[in-house]
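Student: Structure in structure tokens, see below.
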Amino acid sequence: MSKRTGKVLAIHGNLLLVELDCDIIQNEVGYVLTGQQRLKAEVIRIRGNIASMQVFENTKGLKVGDIVEFSNQMLSVQLGPGLLGRVYDGLQNPLPLLAEKHGFFLPRGIIADGLDLNWRWKFTPKVKAGDKVTKGVPLASVRETLFEHLIMVPFNYEGEYHVEWVKEKGEYAASDKIAAIKDANGKIIELTMVFDWPIKVPIKAYRQRMMPKEAMITKVRIIDTLFPIAKGGTYCIPGPFGAGKTVLQQIISRYAQVDIVIVAACGERAGEVVETLREFPKLIDPRTGKSLMERTIIICNTSSMPVAAREASVYTAATLGEYYRQMGLDVLLLADSTSRWAQAMREVSGRLEEIPGEEAYPAYLESRIAEFYERAGVVELNFKKQGSLTIGGTVSPAGGNFEEPVTQATLKVVGAFHGLSRERANARRFPSIDPLESWSRYKSAISQKMIAKAKKILLKGNEVHQMMKVVGEEGTSIEDFMVYLKKELLDSVYLQQNAFDKVDAATDKERQEYVFAKVVSILEIDFSFERKDQARQSFYELRQMLIDFNYKQRESEDFKKQEAKIDSFLKKD
Amino acid sequence: MRKVHNKILSIVGNVITVRAKGVTYEELAQVKTSYGVSLAQVIKLEGDIVSLQVFSGSRGISTNDEVRFLGHPMRVSFSPNMVGRIFDGSGQPRDKGPSLAENLIEISGPSVNPAKRIIPQRIVRTNIPMIDVFNSLVVSQKLPIFSVSGEPYNELLARIALQAEVDMIILGGIGLKYDQYMFFKDTLDAGGALGRSIFFVHTAADPIVEGLMVPDLSLAVAEKFALSGKDVLVLLTDMTNFSDALKEIAITMEQVPSNRGYPGDLYSQLAARYEKAVDFQGAGSITVLAVTTMPGDDVTHPVPDNTGYITEGQFYLKGGRIEPFGSLSRLKQQVNDKTRKDHRAIMDGMIQLYAQYKETEEKRAMGFRMSNWDKKLLKYGELFESQMMDLSVNIALESALDKGWEILAQCFKAQETSFKSDLIEEFWPKDITAETENKHA
């Protein structure tokens with residue numbers, strides 16, 4: 001086959017116009033040849049024999065007339081064993097490998113395999129010759145860190161196949177032929193452990209999608225109790241800078257009760273990823289006793305890395321997430337931040353000279369955001385197992401104003417909204433999720449009745465607080481003042497959580513149920529105080545005791561002692 | 001010999017177009033006019049139509065002026081001879097020294113591999129208590145100073161430059177007023193720091209486009225020095241002018257503006273510069289301090305807003321002081337546990353009390369009656385502002401911590417503060433008693 005090529009006609013930023021000598025595919029990958037380098041680019045628009053392509057690299061030094069070679073493939077990632085624990089850029093180039101080869105910087109035009117194809121895996125077949133299989137059905141499994149990694153029939157193989165042969169139990173390299181399947185026409189296809197999948201196409205090799213019902217415990221109290229996330233659901237965290245979005249995502253990535261976590265650092269500070277990069281290998285996952293890195297994949301396209309690759313990075317992350325979901329695992333994808341991804345779309349749209357929508361975002365912004373979050377879900381797989389992909393994205397609204405297009409488009413499609421507020425962050429109330437503005441459509445693991453009681457106090461207490469700002473403490477009745485104190489108590493001892501304390505940083509479901517019931521029962525007590533400063537003093541003491549209670553290991557001696565102390569304090573009054 | 005083009009097709013804003021072949025993207029060209037020679041950079045290629053932004057502006061360019069392509073992108077010389085020198089926004093000498101042409105390096109090079117970055121761990125001492133104690137500056141940090149025009153931000157920058165323990169200072173001035181440029185030069189000279197400084201200065205009188213190159217020139221040179229083992233402090237003032245220059249070019253190029261006229265890629269453009277801040281393991285480092293003036297003291301203005309999302313905190317300069325509330329150093333936790341054991345306690349404790357003072361101050365202004373505790377807070381606030389916050393206070397971190405205990409002891413009894421008892425035992429000054437207590441008791 002002769003090479004399919006084109007010629008550069010125009011260059012503007014990272015956008016090229018390319019004159020074609022052949023037929024091409026929308027979203028096909030091409031390589032621009034400049035000097036000794038091959039710069040990866042993607043077709044994003046075709047008009048007649050002219051294609052618009054976005055280049056995933058700096059375009060400095062390109063010129064009109066440079067040759068573009070097409071690859072006959074859409075922008076894809078490699079799927080197979082060996083993804084866990086890796087650190088990739090937005091196009092699945094392993095960053096530590098590039099660092100080994102090229103030092104401090106990321107030179108242009110460097111492409112490396114996402115997977116180590118020579119690595120040998122312990123292979124166990126799951127089918128035998130003659131078995132009937134369809135896409136997504138496991139042919140075999142290998143052991144990858146903590147998981148049974150399924151080697152499946154690639155997801156683009158429509159129809160029914162019969163297993164022709166499969167390798168017996170043993171050690172094989174990822175690129176070895178491990179099985180062959182025969183289609184209805186008798187054509188035999190040989191398979192390895194690895195195949196490619198285009199990142200912008202959702203994987204649909206499952207029987208049906210199901211309703212996300214089961215709560216995904218994050219061990220963040222305000223989330224699990226008041227604004228829960230479901231396995232297979234979606235949520236977003238919008239907030240101004242400095243409100244603690246990234247810290248919250250990091251906490252969730254550590255403690256969330258899922259099998260696999262994919263962290264997509266999309267257009268954010270490199271320094272923050274570094275913390276994850278350097279800390280995770282050292283942190284022990286309490287559930288498995290192994291390093292957190294063994295269940296984590298990091299996709300890292302920070303703010304100074306090329307913009308087009310930033311746009312691709314969230315799709316890369318979603319594809320890897322869907323791949324592990326296909327094995328019947330629970331996967332959590334954390335995208336930080338989806339605003340940077342939307343801005344990447346805006347930059348490209350601007351260069352394409354498309355008619356802009358609000359704030360110059362492209363008109364298709366909403367549908368792209370919806371498409372992305374729709375890749376989450378609980379599915380029943382083709383082999384009777386269930387898997388889920390949960391997607392949580394942070395949003396960085398300009399000026400902290402939620403009325404902007406990305407926040408609004410996201411709110412339309414997600415199942416839970418954790419709005420961070422600057423006021424709470426300034427008052428050092430962390431996590432700074434606003435309990436009055438946030439919401440969730442998923443069912444909490446905690447009893448609804450108690451939640452309703454707590455929410456009522458939050459709402460009423462806030463009203464009193466607002467009023468007190470005008471009329472002062474003197475003008476507030478003692479009854480109202482009590483409501484305000486109760487709201488403050490609930491806020492400081494339950495909604496706030498100290499991320500830097502070993503015990504308080506993560507509260508499991510059982511403890512949440514226990515402590516929440518305790519706190520709500522305190523809120524229901526009809527305290528009678530004569531004077532306000534007396535009431536305030538008592539509540540301060542109570543608060544300190546409950547905060548100390550939060551720091552005690554559950555079921556420990558201290559925990560029980562502290563509880564007894566609180567109980568006796570309550571009896572006294 | 002490169003071909004000379006002498007037919008300029010269009011002149012719009014500071015952008016000209018010519019018809020030329022074989023030109024590369026971001027290549028430099030010389031435009032020779034009757035007023036002199038200016039550099040220009042290719043910003044768009046479309047068939048054989050080449051758009052160039054002219055650094056010295058398009059005023060006075062004739063349609064038959066010569067355009068000569070140089071065959072390379074923007075470069076800057078890198079050599080030890082640069083130290084102590086002053087250059088303009090095109091990298092040409094602004095002082096009377098010779099032009100440097102050896103060892104040319106390309107600017108705006110590739111970004112650092114995140115896998116090669118390390119967790120920052122070295123404090124940069126500035127002898128300004130509001131920084132050292134409350135929001136420590138850390139090697140490899142990128143930090144803007146948010147402020148309204150008229151605030152002494154350049155004075156602050158110059159002071160940090162003089163007092164910070166770094167090997168080299170690179171000052172990038174963008175749209176700097178001439179007197180401010182002279183101020184930097186004189187202050188650094190008087191402080192004996194000119195010998196370890198390099199200036200890239202674009203003044204307000206220079207054509208606006210020329211200012212666009214200043215951050216890239218400064219950071220490219222800084223990067224080379226850092227790789228050779230130097231700890232470099234890069235000062236950029238003022239990045240709002242840089243953003244405004246970007247805006248001007250974007251509008252001239254008929255790009256769709258996103259927010260208040262700024263281009264959609266403002267975030268990426270700013271990030272590409274700020275993210276050059278780095279600590280090279282086994283070599284030197286780059287720390288970036290930049291000034292971002294906020295039009296109308298509005299932190300939601302696109303420039304401070306985008307900057308805030310990129311940088312690792314900000315110093316908020318208001319009323320001639322670094323405000324403790326708007327200011328934040330995201331990296332301070334990495335270093336302030338290794339300085340002195342009372343550092344974090346003083347940092348949190350004093351700020352909490354200062355917040356209480358602010359509330360009391362509000363109550364007082366509204367005419368509420370002042371309790372005994374309120375009076376103590378008022379005294380504390382006054383002392384804190386005059387002896388800690390005031391920019392003229394110039395003491396080492398340890399003295400500042402001692403000063404903190406002193407102020408506390410002058411206002412409160414030890415048990416009225418929420419410090420841990422072992423810290424009080426060790427640090428609380430025993431020879432000072434709170435005076436207000438005696439007066440009002």
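Residue names in the structure tokens use chain letters A, B, ... in the order shown, residue numbers from 1 in each chain, and ligand numbers from 1 in the order shown.
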Identify all chain B residues at most 8 Å from chain A by counting only C-alpha atoms; ligands do not count. Present them as a PyMOL selection string.
Tutor: chain B and resi 21-27+43-48+73+110-119+255-259+264-265+268+271-273+275+280+299-302+305-306+308-311+313+325
Student: Taking C-alpha atoms for each residue, export the selection above as a CSV table (one decimal), in the first residue's frame.
Tutor:
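Listing of selection30.csv after writing:
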```
chain,number,residue,atom,x,y,z
B,21,LYS,CA,7.7,30.9,0.4
B,22,GLY,CA,9.7,28.5,2.7
B,23,VAL,CA,9.1,30.5,5.8
B,24,THR,CA,8.8,28.5,9.1
B,25,TYR,CA,6.3,29.1,11.9
B,26,GLU,CA,7.5,31.5,14.6
B,27,GLU,CA,10.5,32.4,12.4
B,43,ILE,CA,2.4,34.3,13.8
B,44,LYS,CA,0.4,32.7,11.0
B,45,LEU,CA,1.1,31.0,7.7
B,46,GLU,CA,-1.5,30.7,5.1
B,47,GLY,CA,-0.4,29.4,1.7
B,48,ASP,CA,2.3,31.9,0.8
B,73,PRO,CA,13.0,31.6,15.7
B,110,PRO,CA,9.8,22.3,25.9
B,111,SER,CA,8.1,21.8,29.2
B,112,VAL,CA,9.6,19.9,32.1
B,113,ASN,CA,8.6,16.2,32.4
B,114,PRO,CA,6.3,16.0,35.5
B,115,ALA,CA,7.9,12.7,36.3
B,116,LYS,CA,11.2,14.5,36.8
B,117,ARG,CA,9.8,17.1,39.2
B,118,ILE,CA,10.4,16.7,42.9
B,119,ILE,CA,8.4,17.9,45.9
B,255,GLN,CA,-9.6,36.0,17.1
B,256,VAL,CA,-12.9,35.5,18.9
B,257,PRO,CA,-12.3,37.0,22.4
B,258,SER,CA,-13.5,34.9,25.3
B,259,ASN,CA,-13.7,37.1,28.4
B,264,GLY,CA,-9.3,32.0,24.8
B,265,ASP,CA,-5.8,30.7,25.3
B,268,SER,CA,-2.4,28.3,28.5
B,271,ALA,CA,0.7,28.7,32.4
B,272,ALA,CA,3.4,28.1,29.8
B,273,ARG,CA,5.5,30.8,31.5
B,275,GLU,CA,5.2,26.5,34.8
B,280,PHE,CA,16.0,20.5,39.0
B,299,VAL,CA,-9.8,39.4,41.8
B,300,THR,CA,-12.3,38.0,39.3
B,301,HIS,CA,-10.8,40.0,36.4
B,302,PRO,CA,-9.6,37.4,33.8
B,305,ASP,CA,-8.4,34.9,38.0
B,306,ASN,CA,-6.5,32.8,35.4
B,308,GLY,CA,-4.7,32.2,40.6
B,309,TYR,CA,-5.6,28.9,39.0
B,310,ILE,CA,-2.0,28.5,37.7
B,311,THR,CA,0.2,29.7,40.5
B,313,GLY,CA,-0.8,30.9,45.9
B,325,PHE,CA,-6.3,36.8,54.4
```
Student: Write out as JSON, numbers by chain the residues lying within 12 Å of Gln333 (chain B), counting only C-alpha atoms and excluding same-chain residues fewer than 6 positions away.
Tutor: {"A": [500], "B": [119, 120, 121, 122, 123, 133, 134, 135, 136, 137, 138, 312, 339, 343, 344, 347, 348]}
Student: Which of these residues is nearest to Thr296 (chain A), using only C-alpha atoms: A:Tyr324, A:Gly461, A:Gly85, A:Val258?
Tutor: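 With only C-alpha atoms as the atom set, the closest residue is A:Gly85.
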Student: With DSSP run on the backbone, what are the helix (DSSP H, G or I) residues within region 109-353 of chain A? I'd like them as a compact mmCIF listing (two decimals) with N, CA and C atoms, in the first residue's frame.
Tutor:
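Below is the file that was written, selection-v6.txt:
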```txt
# COMPACT_ATOMS: atom_id res chain seq x y z
N ARG A 221 -17.16 12.70 55.04
CA ARG A 221 -18.47 12.63 55.69
C ARG A 221 -19.54 13.44 54.97
N ILE A 222 -19.20 14.69 54.63
CA ILE A 222 -20.23 15.55 54.04
C ILE A 222 -20.72 14.96 52.71
N ILE A 223 -19.83 14.29 51.99
CA ILE A 223 -20.23 13.69 50.72
C ILE A 223 -21.08 12.45 50.97
N ASP A 224 -20.57 11.50 51.70
CA ASP A 224 -21.27 10.23 51.87
C ASP A 224 -22.61 10.41 52.56
N THR A 225 -22.67 11.31 53.51
CA THR A 225 -23.91 11.47 54.26
C THR A 225 -24.90 12.37 53.54
N LEU A 226 -24.46 13.56 53.17
CA LEU A 226 -25.42 14.52 52.61
C LEU A 226 -25.49 14.50 51.08
N LYS A 245 -10.23 22.21 45.70
CA LYS A 245 -10.71 21.18 44.77
C LYS A 245 -9.75 20.01 44.67
N THR A 246 -8.48 20.39 44.47
CA THR A 246 -7.49 19.35 44.21
C THR A 246 -7.25 18.50 45.45
N VAL A 247 -7.23 19.15 46.61
CA VAL A 247 -7.03 18.39 47.84
C VAL A 247 -8.19 17.40 48.02
N LEU A 248 -9.40 17.87 47.74
CA LEU A 248 -10.56 17.00 47.87
C LEU A 248 -10.45 15.81 46.92
N GLN A 249 -10.05 16.07 45.67
CA GLN A 249 -9.88 14.98 44.71
C GLN A 249 -8.81 14.00 45.19
N GLN A 250 -7.74 14.55 45.76
CA GLN A 250 -6.67 13.67 46.24
C GLN A 250 -7.16 12.77 47.37
N ILE A 251 -7.97 13.36 48.27
CA ILE A 251 -8.50 12.55 49.38
C ILE A 251 -9.37 11.44 48.83
N ILE A 252 -10.23 11.81 47.88
CA ILE A 252 -11.13 10.80 47.32
C ILE A 252 -10.32 9.71 46.62
N SER A 253 -9.27 10.13 45.90
CA SER A 253 -8.48 9.14 45.17
C SER A 253 -7.80 8.17 46.14
N ARG A 254 -7.54 8.62 47.36
CA ARG A 254 -6.90 7.73 48.33
C ARG A 254 -7.89 6.78 48.97
N TYR A 255 -9.05 7.33 49.38
CA TYR A 255 -9.90 6.56 50.28
C TYR A 255 -11.14 5.95 49.62
N ALA A 270 1.69 21.31 37.57
CA ALA A 270 2.49 20.10 37.59
C ALA A 270 2.80 19.71 39.03
N GLY A 271 3.01 20.72 39.89
CA GLY A 271 3.39 20.46 41.27
C GLY A 271 2.41 19.55 42.00
N GLU A 272 1.12 19.71 41.66
CA GLU A 272 0.12 18.92 42.36
C GLU A 272 0.19 17.45 41.96
N VAL A 273 0.46 17.22 40.67
CA VAL A 273 0.58 15.84 40.22
C VAL A 273 1.79 15.19 40.88
N VAL A 274 2.83 16.01 41.05
CA VAL A 274 4.05 15.48 41.62
C VAL A 274 3.79 14.90 43.00
N GLU A 275 2.94 15.61 43.78
CA GLU A 275 2.63 15.08 45.10
C GLU A 275 2.02 13.69 44.99
N THR A 276 1.05 13.55 44.07
CA THR A 276 0.44 12.24 43.87
C THR A 276 1.50 11.23 43.41
N LEU A 277 2.32 11.67 42.44
CA LEU A 277 3.35 10.79 41.88
C LEU A 277 4.30 10.26 42.95
N ARG A 278 4.70 11.17 43.84
CA ARG A 278 5.73 10.78 44.82
C ARG A 278 5.13 10.14 46.06
N GLU A 279 3.88 10.53 46.41
CA GLU A 279 3.28 10.04 47.65
C GLU A 279 2.62 8.68 47.48
N PHE A 280 1.91 8.51 46.36
CA PHE A 280 1.10 7.29 46.20
C PHE A 280 1.89 6.00 46.36
N PRO A 281 3.08 5.91 45.75
CA PRO A 281 3.80 4.64 45.91
C PRO A 281 4.09 4.33 47.36
N LYS A 282 4.18 5.37 48.21
CA LYS A 282 4.51 5.16 49.62
C LYS A 282 3.28 4.87 50.46
N LEU A 292 -0.79 2.18 47.17
CA LEU A 292 -1.93 2.73 46.44
C LEU A 292 -1.69 2.76 44.95
N MET A 293 -0.41 2.88 44.59
CA MET A 293 -0.06 2.99 43.17
C MET A 293 -0.50 1.75 42.40
N GLU A 294 -0.60 0.61 43.09
CA GLU A 294 -0.92 -0.63 42.39
C GLU A 294 -2.36 -0.67 41.90
N ARG A 295 -3.17 0.28 42.37
CA ARG A 295 -4.53 0.31 41.85
C ARG A 295 -4.79 1.62 41.09
N VAL A 307 -1.73 21.83 24.25
CA VAL A 307 -3.16 21.94 24.50
C VAL A 307 -3.98 20.82 23.86
N ALA A 308 -3.61 20.40 22.67
CA ALA A 308 -4.42 19.38 22.00
C ALA A 308 -4.34 18.06 22.75
N ALA A 309 -3.17 17.78 23.32
CA ALA A 309 -3.02 16.55 24.10
C ALA A 309 -3.83 16.65 25.39
N ARG A 310 -4.03 17.88 25.85
CA ARG A 310 -4.87 18.07 27.02
C ARG A 310 -6.30 17.68 26.69
N GLU A 311 -6.73 18.10 25.51
CA GLU A 311 -8.08 17.75 25.09
C GLU A 311 -8.24 16.23 25.04
N ALA A 312 -7.19 15.56 24.54
CA ALA A 312 -7.26 14.10 24.41
C ALA A 312 -7.18 13.40 25.75
N SER A 313 -6.56 14.04 26.75
CA SER A 313 -6.25 13.31 27.98
C SER A 313 -7.47 12.78 28.72
N VAL A 314 -8.56 13.54 28.73
CA VAL A 314 -9.73 13.04 29.45
C VAL A 314 -10.34 11.83 28.74
N TYR A 315 -10.23 11.82 27.40
CA TYR A 315 -10.74 10.66 26.66
C TYR A 315 -9.86 9.44 26.90
N THR A 316 -8.56 9.67 26.95
CA THR A 316 -7.63 8.57 27.25
C THR A 316 -8.00 7.96 28.59
N ALA A 317 -8.22 8.84 29.58
CA ALA A 317 -8.55 8.37 30.92
C ALA A 317 -9.87 7.60 30.91
N ALA A 318 -10.88 8.11 30.20
CA ALA A 318 -12.18 7.45 30.17
C ALA A 318 -12.05 6.07 29.51
N THR A 319 -11.23 5.99 28.47
CA THR A 319 -11.07 4.71 27.77
C THR A 319 -10.43 3.67 28.68
N LEU A 320 -9.38 4.07 29.39
CA LEU A 320 -8.73 3.13 30.30
C LEU A 320 -9.71 2.70 31.40
N GLY A 321 -10.54 3.66 31.85
CA GLY A 321 -11.53 3.35 32.87
C GLY A 321 -12.54 2.33 32.37
N GLU A 322 -13.03 2.55 31.15
CA GLU A 322 -14.00 1.62 30.59
C GLU A 322 -13.39 0.23 30.40
N TYR A 323 -12.11 0.21 30.06
CA TYR A 323 -11.44 -1.08 29.84
C TYR A 323 -11.46 -1.92 31.11
N TYR A 324 -11.12 -1.31 32.25
CA TYR A 324 -11.12 -2.08 33.50
C TYR A 324 -12.54 -2.38 33.96
N ARG A 325 -13.47 -1.49 33.64
CA ARG A 325 -14.87 -1.78 33.95
C ARG A 325 -15.31 -3.06 33.24
N THR A 338 -12.00 19.75 34.43
CA THR A 338 -12.69 19.69 33.15
C THR A 338 -12.77 21.07 32.49
N SER A 339 -12.59 22.14 33.27
CA SER A 339 -12.59 23.47 32.66
C SER A 339 -11.42 23.64 31.72
N ARG A 340 -10.27 23.08 32.10
CA ARG A 340 -9.09 23.20 31.24
C ARG A 340 -9.30 22.42 29.95
N TRP A 341 -10.01 21.32 30.07
CA TRP A 341 -10.34 20.53 28.89
C TRP A 341 -11.28 21.33 27.98
N ALA A 342 -12.30 21.97 28.60
CA ALA A 342 -13.22 22.79 27.83
C ALA A 342 -12.48 23.96 27.18
N GLN A 343 -11.52 24.53 27.91
CA GLN A 343 -10.74 25.63 27.33
C GLN A 343 -9.91 25.16 26.16
N ALA A 344 -9.41 23.94 26.24
CA ALA A 344 -8.66 23.39 25.11
C ALA A 344 -9.56 23.31 23.88
N MET A 345 -10.81 22.89 24.08
CA MET A 345 -11.76 22.84 22.97
C MET A 345 -12.00 24.24 22.43
N ARG A 346 -12.07 25.21 23.36
CA ARG A 346 -12.33 26.58 22.95
C ARG A 346 -11.18 27.13 22.10
N GLU A 347 -9.95 26.80 22.50
CA GLU A 347 -8.80 27.28 21.73
C GLU A 347 -8.85 26.76 20.30
N VAL A 348 -9.15 25.47 20.19
CA VAL A 348 -9.17 24.86 18.86
C VAL A 348 -10.32 25.43 18.05
N SER A 349 -11.49 25.55 18.70
CA SER A 349 -12.65 26.08 18.02
C SER A 349 -12.37 27.49 17.49
N GLY A 350 -11.69 28.30 18.29
CA GLY A 350 -11.36 29.65 17.87
C GLY A 350 -10.49 29.65 16.62
N ARG A 351 -9.51 28.75 16.59
CA ARG A 351 -8.62 28.71 15.43
C ARG A 351 -9.33 28.17 14.20
```
Student: Neighbours of region 355-362 of chain B within 8 Å (only C-alpha atoms; same-chain residues fewer than 2 positions away dropped), as an MDAnalysis selection string?
Tutor: chainID B and resid 351:353 364:366 374 377:378 380:381
Student: Could you tell me how far CA of Val201 (chain B) lies from CA of Val15 (chain B), in Å and to one decimal?
Tutor: 22.4 Å
Student: Might you pull out every residue within 9 Å of Ala283 (chain B), with only C-alpha atoms counted and same-chain residues fewer than 5 positions away left off, and present them as a list in words?
Tutor: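 What passes the distance filter is Ala226, Leu227, Ser228, Gly229, Lys230 and Asp231 of chain B.
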Student: If we count only C-alpha atoms and set the cut-off at 8 Å, which residues sit around region 144-159 of chain A, ignoring sequence neighbours fewer than 4 positions away in its own chain? Please answer as a list in words.
Tutor: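 Selected residues are Gly80, Pro81, Gly82, Leu84, Val133, Thr134, Lys135, Gly136, Val137, Pro138, Leu139, Ala140, Asp183, Met193, Phe195, Ile203, Lys204, Ala205, Glu294, Arg295 and Met327 of chain A.
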Student: Find the spatial neighbours of region 163-179 of chain A, counting only C-alpha atoms, within a cut-off of 9 Å - ignore same-chain residues fewer than 6 positions away - and output them as number ranges by chain.
Tutor: A: 80-82, 115-125, 127-133, 139-140, 188-194
Student: As a ChimeraX atom specification, please: every residue in region 23-195 of chain A that a backbone DSSP assignment puts in strand (DSSP E or B).
Tutor: /A:28-34,37-47,50-55,63,67-74,76-79,87-88,94,105,120-125,132-133,138-144,147-152,161-166,170-173,179-182,188-191,195
Student: Which residues are close to Gly261 (chain B), i.e. within 9 Å by only C-alpha atoms, leaving aside same-chain residues fewer than 5 positions away? Reply as a ChimeraX atom specification.
Tutor: /B:247-248,250-251,256
Student: Given only C-alpha atoms as the basis, pick out the residue of B:Met168, B:Ala290, B:Ile8, B:Leu156 nearest to Gly195 (chain B).
Tutor: B:Met168
Student: What does the distance from CA of Val32 (chain A) to CA of Ala29 (chain B) come to in Å, to one decimal?
Tutor: 24.1 Å
Student: Between CA of Leu162 (chain B) and CA of Leu188 (chain B), measure the distance and give it in Å to one decimal.
Tutor: 6.7 Å
